[in-house]
Amino acid sequence: MHGQSPPRAVLLLLCLQLTALWPIAAVEIYTSGALEAVNGTDVRLKCTFSSFVPVHDALTVTWNFRPRDGGPEQFVFYYHVDPFKPMSGRFKDRVVWDGNLDRYDVSIILWKLQFDDNGTYTCQVKNPPDVDGLIGAIRLSVVQTVQFSEIYFLALAIGSACGLMVIIVILVVLFQHFRKKRWAERAHRVVEIKPHEEERLNQEKTISASLEDTD
């Protein structure tokens with residue numbers, strides 16, 4: 001209808017009015033801080049945020065990278081309504097959007113890690129008028145093999161215990177099987193002996209009867 005303001009414009013107007021009354025706040029960023037991944041694999045760089053303003057179309061997300069061995073900051077990824085991938089540089093065709101704004105998630109996935117991807121990845125979110133706040137950082141270490149942590153040792157211990165239990169169960173089953181088999185063989189021998197005993201007794205009875213007839 002002519003003269004009616006779009007809902008998004010109304011939302012932005014309300015946000016601007018609230019900021020005049022609301023205490024000054026800032027976007028808060030949450031990341032893992034440090035991350036380790038194996039060379040040649042893909043890794044998800046997780047970044048979530050909170051804002052006192054509802055998410056709307058003015059929100060922007062910027063990912064940058066600073067190499068560990070120094071050098072200028074490099075562009076990684078940008079999001080504003082739609083994702084914008086780098087058109088050149090080391091991250092061309094190697095980064096994709098994996099966020100969910102309904103969950104305040106602005107994560108990305110980096111494909112085919114290389115050793116020169118070691119460094120610090122920064123995640124910055126602006127949700128006007130909430131545009132201030134610290135920039136989230138992830139220190140990525142690309143390694144040949146993942147180092148064992150307490151979780152891996154725990155998983156190894158649990159796996160070993162489960163394997164030991166399986167071996168014990170198998171040994172018990174085998175023991176019961178051979179025990180039943182041995183008893184069955186003994187019973188079979190007893191059945192074979194009985195006819196021979198009966199034949200021997202019959203022969204003894206026959207001989208005794210013959211001797212009595214002779215007398």
# chains A, B, ... in the order shown; residues from 1 in each chain; ligands from 1
>>> select_by_dssp(residues="segment 23-182 of chain A", states="strand (DSSP E)", output="PyMOL selection string")
chain A and resi 28-31+34-38+43-45+47-50+60-67+74-80+82-84+95-97+108-110+119-126+136-143
>>> atom_distance(atom1="atom CA of Tyr30 of chain A", atom2="atom CA of Arg139 of chain A")
13.3 Å
>>> closest_residue(among="A:Trp97, A:Phe84, A:Phe65, A:Trp111", to="Val38 of chain A", atoms="only C-alpha atoms")
A:Trp111
>>> atom_distance(atom1="atom CA of Phe52 of chain A", atom2="atom CA of Asn127 of chain A")
9.1 Å
>>> select_by_dssp(residues="segment 51-202 of chain A", states="helix (DSSP H, G or I)", output="PyMOL selection string")
chain A and resi 101-103+115-117+150-202
>>> residues_around(residues="Cys123 of chain A", least_positions_apart="4", cutoff="12 Å", atoms="only C-alpha atoms", output="ChimeraX atom specification")
/A:27-33,45-49,60-66,75-79,105-108,133-139
>>> atom_distance(atom1="atom CA of Ile109 of chain A", atom2="atom CA of Asp42 of chain A")
7.0 Å
>>> residues_around(residues="Val143 of chain A", least_positions_apart="6", cutoff="12 Å", atoms="only C-alpha atoms", output="list in words")
Leu35, Glu36, Ala37, Val38, Asn39, Gly40, Thr41, Leu113, Gln114, Phe115, Asp116, Asp117 and Asn118 of chain A
>>> write_last_selection(atoms="N, CA and C atoms", output="mmCIF file, in the first residue's frame")
data_model
loop_
_atom_site.group_PDB
_atom_site.id
_atom_site.type_symbol
_atom_site.label_atom_id
_atom_site.label_comp_id
_atom_site.auth_asym_id
_atom_site.auth_seq_id
_atom_site.Cartn_x
_atom_site.Cartn_y
_atom_site.Cartn_z
ATOM 1 N N LEU A 35 43.220 -23.616 17.144
ATOM 2 C CA LEU A 35 42.713 -24.769 16.396
ATOM 3 C C LEU A 35 43.873 -25.456 15.714
ATOM 4 N N GLU A 36 43.832 -26.791 15.689
ATOM 5 C CA GLU A 36 44.858 -27.593 15.031
ATOM 6 C C GLU A 36 44.199 -28.495 14.004
ATOM 7 N N ALA A 37 44.767 -28.561 12.801
ATOM 8 C CA ALA A 37 44.185 -29.376 11.728
ATOM 9 C C ALA A 37 45.307 -29.978 10.887
ATOM 10 N N VAL A 38 44.983 -31.083 10.215
ATOM 11 C CA VAL A 38 45.988 -31.827 9.448
ATOM 12 C C VAL A 38 46.102 -31.256 8.036
ATOM 13 N N ASN A 39 47.306 -31.198 7.537
ATOM 14 C CA ASN A 39 47.575 -30.718 6.192
ATOM 15 C C ASN A 39 46.779 -31.520 5.163
ATOM 16 N N GLY A 40 46.144 -30.815 4.225
ATOM 17 C CA GLY A 40 45.381 -31.473 3.161
ATOM 18 C C GLY A 40 43.925 -31.702 3.479
ATOM 19 N N THR A 41 43.517 -31.482 4.722
ATOM 20 C CA THR A 41 42.118 -31.684 5.103
ATOM 21 C C THR A 41 41.368 -30.352 5.065
ATOM 22 N N LEU A 113 43.785 -27.651 3.359
ATOM 23 C CA LEU A 113 44.757 -26.888 4.140
ATOM 24 C C LEU A 113 46.186 -27.088 3.644
ATOM 25 N N GLN A 114 46.952 -26.020 3.734
ATOM 26 C CA GLN A 114 48.362 -26.036 3.395
ATOM 27 C C GLN A 114 49.157 -25.521 4.599
ATOM 28 N N PHE A 115 50.438 -25.862 4.623
ATOM 29 C CA PHE A 115 51.247 -25.441 5.760
ATOM 30 C C PHE A 115 51.362 -23.920 5.847
ATOM 31 N N ASP A 116 51.286 -23.233 4.702
ATOM 32 C CA ASP A 116 51.378 -21.776 4.763
ATOM 33 C C ASP A 116 50.052 -21.132 5.152
ATOM 34 N N ASP A 117 49.037 -21.953 5.506
ATOM 35 C CA ASP A 117 47.793 -21.417 6.063
ATOM 36 C C ASP A 117 47.908 -21.186 7.568
ATOM 37 N N ASN A 118 49.064 -21.534 8.123
ATOM 38 C CA ASN A 118 49.298 -21.251 9.543
ATOM 39 C C ASN A 118 49.212 -19.747 9.793
#
>>> closest_residue(among="A:Arg103, A:His80, A:Arg68, A:Arg90", to="Ser51 of chain A", atoms="only C-alpha atoms")
A:Arg103
